[in-house]
file model25.txt (compact mmCIF, C-alpha atoms and all ligand atoms)
# COMPACT_ATOMS: atom_id res chain seq x y z
CA MET A 1262 327.55 8.16 -74.83
CA LEU A 1263 325.54 10.99 -76.43
CA ASP A 1264 326.69 12.90 -79.51
CA CYS A 1265 326.23 16.30 -77.92
CA ILE A 1266 324.81 18.03 -74.83
CA ILE A 1267 323.55 21.60 -74.99
CA ARG A 1268 324.03 23.01 -71.46
CA ASN A 1269 322.07 25.84 -69.80
CA GLY A 1270 319.47 26.65 -72.45
CA LEU A 1271 316.36 28.63 -71.50
CA LEU A 1272 313.24 27.29 -73.24
CA PRO A 1273 310.35 29.65 -74.16
CA GLY A 1274 308.19 30.38 -71.12
CA ALA A 1275 310.61 28.68 -68.67
CA VAL A 1276 312.35 30.27 -65.69
CA GLU A 1277 315.05 27.62 -65.08
CA CYS A 1278 317.62 26.48 -67.64
CA VAL A 1279 317.78 22.92 -68.97
CA ASP A 1280 320.27 20.65 -70.72
CA LEU A 1281 319.36 18.99 -74.01
CA GLY A 1282 320.95 15.68 -75.00
CA ILE A 1283 321.34 14.85 -78.69
CA SER A 1284 321.98 11.54 -80.44
CA ALA A 1285 321.74 10.77 -84.17
CA GLY A 1286 320.35 14.24 -84.85
CA LYS A 1287 317.42 13.91 -82.40
CA PHE A 1288 316.73 15.18 -78.89
CA VAL A 1289 317.02 12.15 -76.58
CA GLU A 1290 316.81 13.86 -73.19
CA ILE A 1291 315.74 17.28 -71.90
CA ALA A 1292 316.35 17.72 -68.15
CA PRO A 1293 317.61 20.26 -65.57
CA HIS A 1294 320.97 18.47 -65.54
CA ILE A 1295 322.04 15.62 -67.82
CA VAL A 1296 324.64 13.35 -66.18
CA ALA A 1297 325.40 11.24 -69.26
CA GLN A 1298 328.67 11.78 -71.13
CA ALA A 1299 328.81 13.22 -74.65
CA GLU A 1300 331.35 13.53 -77.45
CA ASP A 1301 330.74 17.25 -77.50
CA GLU A 1302 329.23 19.96 -75.30
CA PHE A 1303 327.84 23.38 -76.17
CA ASN A 1304 327.16 26.03 -73.52
CA ALA A 1305 324.02 28.08 -74.21
CA ARG A 1306 324.97 30.47 -71.34
CA GLY A 1307 321.40 30.88 -70.09
CA TYR A 1308 320.14 32.34 -73.37
CA LEU A 1309 316.79 31.61 -75.04
CA LEU A 1310 316.65 28.47 -77.10
CA THR A 1311 313.69 28.23 -79.50
CA PRO A 1312 312.54 25.96 -82.32
CA PRO A 1313 313.80 27.14 -85.73
CA PHE A 1314 311.89 29.90 -87.46
CA VAL A 1315 309.56 28.83 -90.26
CA ASP A 1316 308.56 31.02 -93.20
CA PRO A 1317 305.35 29.55 -94.65
CA HIS A 1318 304.98 32.16 -97.43
CA PHE A 1319 307.83 33.29 -99.66
CA HIS A 1320 308.71 33.98 -103.33
CA MET A 1321 312.17 32.57 -104.04
CA ASP A 1322 312.03 33.00 -107.83
CA SER A 1323 311.85 36.80 -107.61
CA THR A 1324 313.92 37.38 -104.47
CA LEU A 1325 316.98 39.70 -104.58
CA SER A 1326 315.98 40.98 -108.04
CA LEU A 1327 315.28 44.49 -106.72
CA GLY A 1328 315.69 47.21 -109.36
CA THR A 1329 315.73 44.91 -112.39
CA PRO A 1330 314.53 46.01 -114.82
CA ARG A 1331 313.19 48.93 -112.72
CA PHE A 1332 311.93 49.89 -109.25
CA ASN A 1333 308.28 49.82 -108.17
CA GLU A 1334 307.54 53.53 -107.70
CA SER A 1335 303.81 53.30 -106.96
CA GLY A 1336 304.30 50.67 -104.24
CA THR A 1337 301.29 48.71 -105.49
CA LEU A 1338 300.76 44.97 -105.97
CA LEU A 1339 299.76 45.58 -109.59
CA GLU A 1340 302.93 47.51 -110.53
CA GLY A 1341 304.92 44.71 -108.86
CA ILE A 1342 303.16 42.09 -111.03
CA GLN A 1343 303.90 44.24 -114.13
CA ILE A 1344 307.63 44.57 -113.27
CA TRP A 1345 307.89 40.84 -112.59
CA ALA A 1346 306.33 40.11 -116.02
CA GLU A 1347 308.99 42.34 -117.67
CA LEU A 1348 311.82 40.72 -115.70
CA LYS A 1349 310.58 37.17 -116.25
CA ALA A 1350 311.00 37.41 -120.02
CA ASP A 1351 314.84 37.46 -119.72
CA LEU A 1352 315.41 35.31 -116.64
CA LYS A 1353 318.29 32.84 -116.79
CA ALA A 1354 318.51 29.65 -114.74
CA GLU A 1355 321.93 30.55 -113.28
CA VAL A 1356 320.65 33.92 -112.10
CA ILE A 1357 317.57 32.51 -110.34
CA LYS A 1358 319.68 29.83 -108.70
CA LYS A 1359 322.41 32.21 -107.53
CA ARG A 1360 319.85 34.55 -105.95
CA ALA A 1361 317.94 31.71 -104.28
CA LEU A 1362 321.10 30.22 -102.77
CA ARG A 1363 322.25 33.63 -101.55
CA LEU A 1364 318.86 34.20 -99.94
CA LEU A 1365 319.02 30.79 -98.23
CA ASP A 1366 322.42 31.71 -96.74
CA TRP A 1367 320.65 34.68 -95.15
CA SER A 1368 317.69 32.51 -94.05
CA ILE A 1369 319.93 30.00 -92.30
CA ALA A 1370 322.01 32.72 -90.63
CA ARG A 1371 318.71 34.13 -89.27
CA GLY A 1372 317.58 30.69 -88.03
CA THR A 1373 314.85 30.25 -90.69
CA LEU A 1374 315.14 26.52 -91.43
CA ALA A 1375 311.89 25.86 -93.29
CA VAL A 1376 310.53 27.88 -96.21
CA ARG A 1377 307.39 27.42 -98.30
CA THR A 1378 308.02 29.27 -101.54
CA HIS A 1379 305.56 30.03 -104.30
CA VAL A 1380 307.00 29.66 -107.80
CA ASP A 1381 305.44 31.32 -110.82
CA VAL A 1382 304.06 28.70 -113.22
CA THR A 1383 302.71 31.08 -115.87
CA ASP A 1384 306.07 31.13 -117.70
CA PRO A 1385 305.67 28.53 -120.51
CA THR A 1386 309.25 27.27 -120.01
CA LEU A 1387 308.67 26.56 -116.28
CA LEU A 1388 312.32 27.52 -115.87
CA ALA A 1389 311.97 28.72 -112.26
CA VAL A 1390 310.19 25.47 -111.31
CA ASP A 1391 313.14 23.38 -112.55
CA VAL A 1392 315.69 25.65 -110.83
CA LEU A 1393 313.90 25.74 -107.47
CA LEU A 1394 313.34 21.96 -107.50
CA GLU A 1395 317.12 21.68 -107.92
CA VAL A 1396 317.75 24.17 -105.10
CA LYS A 1397 315.35 22.27 -102.84
CA GLU A 1398 317.26 19.05 -103.43
CA GLU A 1399 320.73 20.61 -103.01
CA MET A 1400 319.75 22.35 -99.76
CA ARG A 1401 317.71 19.48 -98.28
CA GLU A 1402 320.26 18.76 -95.55
CA TRP A 1403 320.10 22.30 -94.15
CA VAL A 1404 316.65 23.69 -94.86
CA ASP A 1405 313.18 22.27 -95.60
CA ILE A 1406 311.75 23.79 -98.77
CA GLN A 1407 308.21 23.34 -100.10
CA LEU A 1408 307.27 24.63 -103.55
CA VAL A 1409 303.83 25.98 -104.42
CA ALA A 1410 302.71 26.04 -108.09
CA PHE A 1411 301.62 29.67 -108.28
CA PRO A 1412 299.82 31.02 -111.38
CA GLN A 1413 301.01 34.61 -110.85
CA GLU A 1414 299.32 35.93 -114.00
CA GLY A 1415 296.08 34.01 -113.41
CA LEU A 1416 295.05 30.41 -114.00
CA LEU A 1417 292.25 31.25 -116.46
CA ARG A 1418 293.69 34.42 -118.02
CA SER A 1419 295.65 32.41 -120.59
CA SER A 1420 294.67 29.30 -122.50
CA GLN A 1421 297.77 27.45 -121.20
CA GLY A 1422 297.24 28.25 -117.49
CA LYS A 1423 295.77 24.89 -116.43
CA ASP A 1424 298.18 22.88 -118.54
CA LEU A 1425 301.23 24.67 -117.08
CA LEU A 1426 300.00 24.18 -113.54
CA VAL A 1427 299.48 20.44 -114.12
CA ARG A 1428 302.96 20.18 -115.67
CA ALA A 1429 304.51 21.90 -112.60
CA VAL A 1430 302.73 19.41 -110.32
CA GLU A 1431 304.01 16.53 -112.44
CA LYS A 1432 307.56 17.88 -112.11
CA GLY A 1433 307.26 17.47 -108.32
CA VAL A 1434 305.94 20.74 -106.90
CA ASP A 1435 304.50 20.05 -103.43
CA VAL A 1436 301.51 22.40 -103.12
CA VAL A 1437 298.80 23.75 -105.47
CA GLY A 1438 298.56 27.56 -105.54
CA GLY A 1439 296.13 30.10 -106.98
CA ILE A 1440 295.26 33.78 -107.24
CA PRO A 1441 291.45 34.02 -107.60
CA HIS A 1442 291.25 37.81 -107.06
CA PHE A 1443 293.53 38.35 -110.09
CA GLU A 1444 291.42 36.30 -112.52
CA ARG A 1445 289.44 38.43 -115.00
CA THR A 1446 286.12 38.17 -113.18
CA THR A 1447 284.83 37.10 -109.78
CA SER A 1448 283.20 34.07 -111.37
CA HIS A 1449 286.51 33.05 -112.96
CA GLY A 1450 288.07 33.38 -109.49
CA THR A 1451 285.43 31.02 -108.12
CA GLU A 1452 285.94 28.60 -111.01
CA SER A 1453 289.72 28.62 -110.45
CA ILE A 1454 289.31 27.73 -106.77
CA THR A 1455 287.09 24.74 -107.57
CA TRP A 1456 289.43 23.47 -110.29
CA LEU A 1457 292.58 23.88 -108.15
CA CYS A 1458 291.07 22.21 -105.06
CA GLU A 1459 289.84 19.29 -107.17
CA LEU A 1460 293.31 18.90 -108.70
CA ALA A 1461 294.93 18.91 -105.23
CA ALA A 1462 292.42 16.39 -103.87
CA GLN A 1463 293.01 14.11 -106.85
CA LYS A 1464 296.83 14.33 -106.48
CA GLY A 1465 296.85 14.16 -102.66
CA LEU A 1466 298.49 17.60 -102.38
CA GLN A 1467 298.07 20.61 -100.12
CA VAL A 1468 296.59 23.91 -101.37
CA ASP A 1469 297.93 27.39 -100.56
CA MET A 1470 296.31 30.27 -102.44
CA HIS A 1471 296.97 33.97 -102.58
CA CYS A 1472 293.39 34.87 -101.72
CA ASP A 1473 291.62 38.24 -101.65
CA GLU A 1474 294.87 40.23 -101.58
CA SER A 1475 293.07 43.53 -102.14
CA ASP A 1476 291.31 46.33 -100.28
CA ASP A 1477 287.99 45.42 -101.91
CA PRO A 1478 285.47 44.64 -99.15
CA LEU A 1479 283.51 42.57 -101.66
CA SER A 1480 286.40 40.28 -102.61
CA ARG A 1481 285.07 37.14 -100.96
CA HIS A 1482 286.97 34.25 -102.49
CA ILE A 1483 287.87 33.06 -99.00
CA GLU A 1484 284.21 32.03 -98.59
CA HIS A 1485 284.43 29.74 -101.61
CA LEU A 1486 287.88 28.44 -100.61
CA ALA A 1487 286.47 27.41 -97.22
CA TYR A 1488 283.51 25.78 -98.97
CA GLU A 1489 285.77 23.79 -101.33
CA ALA A 1490 288.11 22.74 -98.50
CA ARG A 1491 285.11 21.14 -96.83
CA ARG A 1492 283.49 19.70 -99.96
CA THR A 1493 286.69 18.05 -101.22
CA GLY A 1494 287.65 16.81 -97.75
CA LEU A 1495 290.99 18.66 -97.95
CA GLY A 1496 290.27 20.58 -94.71
CA ALA A 1497 293.50 21.56 -92.94
CA LYS A 1498 295.50 20.80 -96.10
CA VAL A 1499 294.17 24.11 -97.46
CA THR A 1500 295.72 27.48 -96.60
CA GLY A 1501 294.42 30.94 -97.47
CA SER A 1502 297.29 33.44 -97.80
CA HIS A 1503 296.88 37.20 -97.31
CA LEU A 1504 293.05 37.53 -96.97
CA THR A 1505 293.56 41.29 -96.78
CA SER A 1506 290.06 42.08 -98.03
CA MET A 1507 288.81 40.78 -94.66
CA HIS A 1508 290.25 43.98 -93.16
CA SER A 1509 287.72 46.03 -95.14
CA MET A 1510 284.73 43.68 -95.07
CA ASP A 1511 281.45 44.52 -93.42
CA ASN A 1512 281.53 43.37 -89.78
CA TYR A 1513 278.19 41.60 -90.03
CA TYR A 1514 279.43 39.52 -92.97
CA VAL A 1515 282.66 38.67 -91.08
CA SER A 1516 280.55 37.38 -88.17
CA LYS A 1517 279.20 34.76 -90.60
CA LEU A 1518 282.55 34.17 -92.33
CA LEU A 1519 284.74 33.43 -89.27
CA PRO A 1520 282.76 30.34 -88.18
CA LEU A 1521 282.73 29.14 -91.82
CA ILE A 1522 286.55 29.37 -91.94
CA ALA A 1523 286.88 27.62 -88.59
CA GLU A 1524 284.47 24.85 -89.62
CA SER A 1525 286.39 24.22 -92.86
CA GLU A 1526 289.64 23.74 -90.83
CA ILE A 1527 291.62 25.78 -93.36
CA GLN A 1528 294.70 27.62 -92.15
CA VAL A 1529 295.57 31.27 -92.71
CA ILE A 1530 298.79 33.16 -93.45
CA CYS A 1531 299.14 36.89 -92.88
CA ASN A 1532 302.14 38.73 -94.40
CA PRO A 1533 302.52 41.91 -92.31
CA LEU A 1534 305.65 43.41 -93.90
CA ILE A 1535 304.29 43.25 -97.40
CA ASN A 1536 300.65 44.10 -96.81
CA ILE A 1537 301.28 47.10 -94.55
CA HIS A 1538 303.34 48.37 -97.51
CA LEU A 1539 301.03 47.41 -100.43
CA GLN A 1540 297.50 47.87 -99.05
CA GLY A 1541 295.49 51.05 -98.75
CA ARG A 1542 297.34 52.62 -101.70
CA GLN A 1543 294.16 54.06 -103.24
CA ASP A 1544 293.07 55.49 -99.89
CA ASN A 1545 293.39 59.11 -98.99
CA TYR A 1546 293.17 59.57 -95.20
CA PRO A 1547 292.43 57.57 -93.13
CA LYS A 1548 294.51 54.85 -94.84
CA ARG A 1549 293.58 51.25 -94.08
CA ARG A 1550 296.26 48.95 -92.66
CA GLY A 1551 294.97 46.15 -94.86
CA LEU A 1552 296.05 43.18 -92.76
CA THR A 1553 293.62 40.33 -92.25
CA ARG A 1554 291.83 39.95 -88.89
CA VAL A 1555 294.39 37.83 -87.07
CA PRO A 1556 293.29 38.15 -83.40
CA GLU A 1557 289.69 37.38 -84.42
CA LEU A 1558 290.76 34.37 -86.53
CA LEU A 1559 292.83 33.02 -83.62
CA GLY A 1560 289.88 33.65 -81.31
CA ALA A 1561 287.66 31.59 -83.64
CA GLY A 1562 290.10 28.67 -83.35
CA VAL A 1563 291.75 29.07 -86.77
CA ASN A 1564 295.47 28.34 -87.06
CA VAL A 1565 297.23 31.50 -88.30
CA ALA A 1566 300.89 31.93 -89.26
CA LEU A 1567 302.94 34.90 -90.45
CA GLY A 1568 305.00 34.90 -93.66
CA HIS A 1569 307.83 37.10 -94.93
CA ASP A 1570 306.52 36.94 -98.53
CA CYS A 1571 309.28 38.97 -100.24
CA VAL A 1572 312.88 40.12 -99.78
CA MET A 1573 314.20 42.79 -102.16
CA ASP A 1574 311.98 42.13 -105.19
CA PRO A 1575 309.39 44.01 -107.32
CA TRP A 1576 306.96 44.10 -104.38
CA TYR A 1577 309.19 44.87 -101.38
CA PRO A 1578 312.60 46.58 -101.29
CA MET A 1579 313.67 45.59 -97.75
CA GLY A 1580 314.41 42.56 -95.60
CA SER A 1581 317.03 39.91 -94.79
CA HIS A 1582 314.66 36.95 -94.32
CA ASP A 1583 314.44 37.50 -90.58
CA MET A 1584 311.17 36.09 -89.22
CA LEU A 1585 311.57 38.17 -86.06
CA GLU A 1586 311.19 41.29 -88.23
CA VAL A 1587 307.95 39.80 -89.55
CA ALA A 1588 306.73 39.08 -86.01
CA HIS A 1589 307.78 42.55 -84.81
CA MET A 1590 305.84 44.26 -87.61
CA GLY A 1591 302.89 41.89 -87.10
CA ALA A 1592 302.72 42.54 -83.35
CA HIS A 1593 302.45 46.30 -84.03
CA CYS A 1594 300.18 46.40 -87.07
CA LEU A 1595 297.83 43.71 -85.73
CA GLN A 1596 297.79 45.42 -82.32
CA MET A 1597 298.99 42.25 -80.60
CA LEU A 1598 301.44 43.72 -78.08
CA GLY A 1599 299.35 42.58 -75.11
CA ASN A 1600 301.47 40.51 -72.75
CA SER A 1601 299.46 37.35 -73.33
CA GLN A 1602 299.47 37.94 -77.11
CA LEU A 1603 303.27 37.98 -77.51
CA ALA A 1604 303.54 34.20 -77.16
CA ASP A 1605 300.92 33.87 -79.94
CA VAL A 1606 302.89 36.23 -82.17
CA PHE A 1607 306.07 34.22 -81.60
CA SER A 1608 304.28 30.94 -82.30
CA MET A 1609 303.04 32.35 -85.63
CA VAL A 1610 306.65 32.35 -86.92
CA THR A 1611 307.54 29.02 -85.27
CA GLY A 1612 305.08 26.26 -84.24
CA ARG A 1613 301.95 27.60 -85.96
CA ALA A 1614 303.92 28.12 -89.20
CA ALA A 1615 305.30 24.56 -88.92
CA GLN A 1616 301.69 23.37 -88.59
CA VAL A 1617 300.77 25.14 -91.85
CA MET A 1618 303.66 23.39 -93.62
CA GLN A 1619 302.76 20.11 -91.85
CA LEU A 1620 306.43 19.67 -90.85
CA GLU A 1621 307.27 16.43 -89.13
CA ASN A 1622 309.79 16.12 -86.27
CA TYR A 1623 309.53 19.84 -85.44
CA GLY A 1624 309.77 21.18 -81.88
CA LEU A 1625 311.85 21.17 -78.72
CA GLU A 1626 310.80 17.73 -77.49
CA VAL A 1627 312.43 14.35 -76.95
CA GLY A 1628 312.23 12.34 -80.19
CA LYS A 1629 312.07 15.42 -82.43
CA ASP A 1630 314.87 16.72 -84.69
CA ALA A 1631 317.59 18.52 -82.68
CA SER A 1632 317.11 21.73 -84.69
CA PHE A 1633 316.95 25.02 -82.80
CA VAL A 1634 318.06 28.63 -82.59
CA LEU A 1635 319.95 30.21 -79.68
CA LEU A 1636 318.99 33.88 -79.38
CA GLN A 1637 320.77 36.62 -77.46
CA ALA A 1638 317.61 37.04 -75.39
CA LYS A 1639 316.22 35.89 -72.06
CA SER A 1640 312.55 35.62 -73.04
CA VAL A 1641 310.19 35.52 -76.01
CA SER A 1642 309.26 39.16 -75.44
CA ASP A 1643 313.00 40.07 -75.51
CA ALA A 1644 313.26 38.20 -78.81
CA LEU A 1645 310.37 40.19 -80.31
CA ARG A 1646 311.55 43.49 -78.83
CA LEU A 1647 315.21 43.22 -79.85
CA ARG A 1648 315.25 40.89 -82.88
CA PRO A 1649 318.61 39.85 -81.39
CA ALA A 1650 321.63 37.98 -82.73
CA ARG A 1651 321.11 34.32 -83.62
CA LEU A 1652 324.07 33.15 -81.51
CA ALA A 1653 323.83 29.61 -82.90
CA VAL A 1654 321.62 27.77 -85.37
CA PHE A 1655 321.53 23.97 -85.06
CA ARG A 1656 320.11 21.60 -87.67
CA ARG A 1657 319.68 17.95 -86.65
CA GLY A 1658 322.38 18.21 -83.99
CA LEU A 1659 324.92 20.18 -86.02
CA CYS A 1660 325.78 23.84 -85.59
CA ILE A 1661 325.33 25.34 -89.09
CA ALA A 1662 325.53 29.10 -88.35
CA GLU A 1663 326.82 31.37 -85.60
CA THR A 1664 326.65 35.12 -84.95
CA PRO A 1665 328.77 36.76 -82.20
CA GLU A 1666 327.07 38.35 -79.18
CA VAL A 1667 326.28 42.00 -79.82
CA LYS A 1668 327.13 44.48 -77.03
CA ALA A 1669 327.67 48.21 -77.08
CA GLN A 1670 330.72 49.55 -75.25
CA LEU A 1671 330.00 52.84 -73.46
CA HIS A 1672 332.62 55.56 -73.10
CA PHE A 1673 331.21 58.43 -71.12
CA GLY A 1674 331.31 59.88 -67.61
CA ARG A 1675 330.90 57.31 -64.86
CA ASN A 1676 330.19 54.53 -67.28
CA GLU A 1677 332.76 52.39 -69.05
CA GLY A 1678 330.49 49.35 -69.06
CA GLN A 1679 328.79 47.27 -71.76
CA VAL A 1680 325.11 47.34 -72.71
CA ASP A 1681 323.24 44.38 -74.19
CA PHE A 1682 319.70 45.83 -73.84
CA LEU A 1683 318.47 42.84 -71.76
ZN ZN B 1701 302.93 35.95 -101.92
call {"tool": "encode", "arguments": {"input": "model25.txt", "output": "structure tokens"}}
result
Amino acid sequence: MLDCIIRNGLLPGAVECVDLGISAGKFVEIAPHIVAQAEDEFNARGYLLTPPFVDPHFHMDSTLSLGTPRFNESGTLLEGIQIWAELKADLKAEVIKKRALRLLDWSIARGTLAVRTHVDVTDPTLLAVDVLLEVKEEMREWVDIQLVAFPQEGLLRSSQGKDLLVRAVEKGVDVVGGIPHFERTTSHGTESITWLCELAAQKGLQVDMHCDESDDPLSRHIEHLAYEARRTGLGAKVTGSHLTSMHSMDNYYVSKLLPLIAESEIQVICNPLINIHLQGRQDNYPKRRGLTRVPELLGAGVNVALGHDCVMDPWYPMGSHDMLEVAHMGAHCLQMLGNSQLADVFSMVTGRAAQVMQLENYGLEVGKDASFVLLQAKSVSDALRLRPARLAVFRRGLCIAETPEVKAQLHFGRNEGQVDFL
């Protein structure tokens, strides 16, 4: 006797529906028709069933703080960092926690069941670190959270930077972060990368750095990050986030850089919503898009994922933590709407993002966690086109969120029917 059978689910890329049998929170059978009995059955009605969405790059300490103490009028990264510094001075634990939990309600409703969040470790009290470690623990049953020790105001800009980062790691933060392009000089950026990679190697942790998030074609910290990933043996445990300067780099230099990145095995995260908004702000026309070179990185064999980065904070005023919005924006701004590219775009907010976070038991396969999202869609391209309702979100065999089917009722002329856009 199984715990549950999901009937008539359409898996990505498939034409025929399947049933999925679940026991003890795992998939135990996936077949055209399961004959075994189950305590419970759930009818997927021929809709698309996908692995949960994964957000590998987020900022949960600043989320939902939009407008406090003021709005970012210039739309630049630097004004955002300034507003965050002003806000940080008066932050209270209860406020950070309330916002983070509210955001996670949204995440789960959207089917985002794993989140890697950076947490600012340049506040001497490390208040946000303590709060988010607590949130991670409280929410463990429903969502996988990884914390990155992120020196938002620079590792080497203050005398306490290194000490605070080490203390955050000792408190139990999972990943070592960095921001080399924000250090005072290029050589300090280089020095920070070496120090942070050595710390991660020594502690057995992953690395995920905000790297070259600028329009400066000469911001080349990614080169040193790739070098250190190889030298320290960290390899795929290192992720470079943003890499927007690659957009503006000289093409000849990129032809040397891409193989270096591939050889180092580091992974890359592009954040389309945020960088299409923040980059190119000093440009007149033409304005650069400022996103890193995703199709070329994929072509070189590098694993690339997409992140949401921000929801309603000093850097970005929009969003509801919907990874399909991220994929939709990415597909357009990266010019990846080719039919064969859509599956890649979808995988960058599911499987490829899970690979960045090194999630275990992820995927629609026998033996893996029975976690999935049922979308009001019939294909992956429908999902990207419509960003449709998440009809059901399952975590380890339990339905933890539902959204009703959305249909428009027509009232004109010959037509009294319903439209679902499929
Ligand atoms: Zn970020």
call {"tool": "residues_near_ligand", "arguments": {"input": "model25.txt", "ligand": "ligand ZN 1701 (chain B)", "cutoff": "7 Å", "atoms": "only C-alpha atoms and all ligand atoms", "output": "PyMOL selection string"}}
result
chain A and resi 1318-1320+1379+1471+1570
call {"tool": "residues_around", "arguments": {"input": "model25.txt", "residues": "segment 1515-1528 of chain A", "least_positions_apart": "3", "cutoff": "7 Å", "atoms": "all atoms listed in the file", "output": "list in words"}}
result
Glu1484, Ala1487, Tyr1488, Ala1490, Arg1491, Gly1496, Ala1497, Lys1498, Val1499, Thr1500, Gly1501, Met1510, Asp1511, Asn1512, Leu1558, Ala1561, Gly1562, Val1563, Asn1564, Val1565 and Val1617 of chain A
call {"tool": "atom_distance", "arguments": {"input": "model25.txt", "atom1": "atom CA of Ser1326 of chain A", "atom2": "atom CA of Lys1359 of chain A"}}
result
10.9 Å
call {"tool": "closest_atom_pairs", "arguments": {"input": "model25.txt", "of": "segment 1449-1554 of chain A", "to": "segment 1425-1430 of chain A", "cutoff": "10 Å", "atoms": "only C-alpha atoms", "output": "tab-separated table"}}
result
residue	atom	partner	partner_atom	distance
A:Leu1457	CA	A:Leu1426	CA	9.2
A:Leu1460	CA	A:Val1427	CA	8.4
A:Ala1461	CA	A:Val1430	CA	9.3
A:Lys1464	CA	A:Val1430	CA	8.7
A:Leu1466	CA	A:Val1430	CA	9.2
call {"tool": "atom_distance", "arguments": {"input": "model25.txt", "atom1": "atom CA of Leu1625 of chain A", "atom2": "atom CA of Ile1266 of chain A"}}
result
13.9 Å
call {"tool": "residues_around", "arguments": {"input": "model25.txt", "residues": "segment 1659-1676 of chain A", "least_positions_apart": "6", "cutoff": "10 Å", "atoms": "all atoms listed in the file", "output": "list in words"}}
result
Asp1264, Cys1265, Ile1283, Gly1286, Phe1303, Asp1366, Ile1369, Ala1370, Arg1371, Gly1372, Trp1403, Ala1631, Ser1632, Phe1633, Val1634, Leu1635, Leu1636, Gln1637, Pro1649, Ala1650, Arg1651, Leu1652, Ala1653 and Phe1682 of chain A
call {"tool": "atom_distance", "arguments": {"input": "model25.txt", "atom1": "atom CA of Met1618 of chain A", "atom2": "atom CA of Arg1656 of chain A"}}
result
17.6 Å
call {"tool": "closest_residue", "arguments": {"input": "model25.txt", "among": "A:Leu1271, A:Ala1292, A:Val1627, A:Leu1417", "to": "Thr1451 of chain A", "atoms": "all atoms listed in the file"}}
result
A:Leu1417
call {"tool": "residues_around", "arguments": {"input": "model25.txt", "residues": "segment 1588-1596 of chain A", "least_positions_apart": "5", "cutoff": "7 Å", "atoms": "all atoms listed in the file", "output": "MDAnalysis selection string"}}
result
chainID A and resid 1533:1534 1555 1606:1607 1610 1645
call {"tool": "residues_around", "arguments": {"input": "model25.txt", "residues": "Cys1458 of chain A", "least_positions_apart": "2", "cutoff": "8 Å", "atoms": "only C-alpha atoms", "output": "PyMOL selection string"}}
result
chain A and resi 1437+1454-1456+1460-1462+1468+1489-1490+1493+1495
call {"tool": "write_last_selection", "arguments": {"input": "model25.txt", "atoms": "C-alpha atoms", "output": "PDB file, keeping the file's coordinate frame"}}
result
ATOM      1  CA  VAL A1437     298.800  23.750-105.470  1.00  0.00           C
ATOM      2  CA  ILE A1454     289.310  27.730-106.770  1.00  0.00           C
ATOM      3  CA  THR A1455     287.090  24.740-107.570  1.00  0.00           C
ATOM      4  CA  TRP A1456     289.430  23.470-110.290  1.00  0.00           C
ATOM      5  CA  LEU A1460     293.310  18.900-108.700  1.00  0.00           C
ATOM      6  CA  ALA A1461     294.930  18.910-105.230  1.00  0.00           C
ATOM      7  CA  ALA A1462     292.420  16.390-103.870  1.00  0.00           C
ATOM      8  CA  VAL A1468     296.590  23.910-101.370  1.00  0.00           C
ATOM      9  CA  GLU A1489     285.770  23.790-101.330  1.00  0.00           C
ATOM     10  CA  ALA A1490     288.110  22.740 -98.500  1.00  0.00           C
ATOM     11  CA  THR A1493     286.690  18.050-101.220  1.00  0.00           C
ATOM     12  CA  LEU A1495     290.990  18.660 -97.950  1.00  0.00           C
TER      13      LEU A1495
END
call {"tool": "axis_aligned_box", "arguments": {"input": "model25.txt", "around": "segment 1658-1663 of chain A", "padding_each_side": "8 Å", "output": "AutoDock Vina command-line options"}}
result
--center_x 324.6 --center_y 24.8 --center_z -86.5 --size_x 20.4 --size_y 29.2 --size_z 21.1
call {"tool": "closest_residue", "arguments": {"input": "model25.txt", "among": "A:Leu1504, A:Ala1354, A:Ala1305, A:Val1409", "to": "Pro1478 of chain A", "atoms": "only C-alpha atoms"}}
result
A:Leu1504
call {"tool": "closest_residue", "arguments": {"input": "model25.txt", "among": "A:Ser1448, A:Ser1502, A:Thr1324, A:Gln1407", "to": "Leu1374 of chain A", "atoms": "only C-alpha atoms"}}
result
A:Gln1407
call {"tool": "closest_residue", "arguments": {"input": "model25.txt", "among": "A:Thr1447, A:Gln1343, A:Ser1453, A:Thr1611", "to": "Asp1477 of chain A", "atoms": "all atoms listed in the file"}}
result
A:Thr1447
call {"tool": "residues_around", "arguments": {"input": "model25.txt", "residues": "Ser1475 of chain A", "least_positions_apart": "4", "cutoff": "8 Å", "atoms": "all atoms listed in the file", "output": "list in words"}}
result
His1442, Ser1480, Leu1504, Thr1505, Ser1506, Gln1540 and Gly1551 of chain A
call {"tool": "build_atoms", "arguments": {"input": "model25.txt", "residues": "segment 1326-1330 of chain A", "atoms": "N, CA and C atoms", "output": "mmCIF file, keeping the file's coordinate frame"}}
result
data_model
loop_
_atom_site.group_PDB
_atom_site.id
_atom_site.type_symbol
_atom_site.label_atom_id
_atom_site.label_comp_id
_atom_site.auth_asym_id
_atom_site.auth_seq_id
_atom_site.Cartn_x
_atom_site.Cartn_y
_atom_site.Cartn_z
ATOM 1 N N SER A 1326 315.944 40.429 -106.672
ATOM 2 C CA SER A 1326 315.980 40.980 -108.040
ATOM 3 C C SER A 1326 315.694 42.479 -108.029
ATOM 4 N N LEU A 1327 315.669 43.084 -106.862
ATOM 5 C CA LEU A 1327 315.280 44.490 -106.720
ATOM 6 C C LEU A 1327 315.955 45.407 -107.740
ATOM 7 N N GLY A 1328 315.142 46.211 -108.427
ATOM 8 C CA GLY A 1328 315.690 47.210 -109.360
ATOM 9 C C GLY A 1328 315.843 46.712 -110.783
ATOM 10 N N THR A 1329 315.639 45.414 -111.009
ATOM 11 C CA THR A 1329 315.730 44.910 -112.390
ATOM 12 C C THR A 1329 314.345 44.496 -112.879
ATOM 13 N N PRO A 1330 313.887 44.978 -114.011
ATOM 14 C CA PRO A 1330 314.530 46.010 -114.820
ATOM 15 C C PRO A 1330 314.310 47.426 -114.269
#
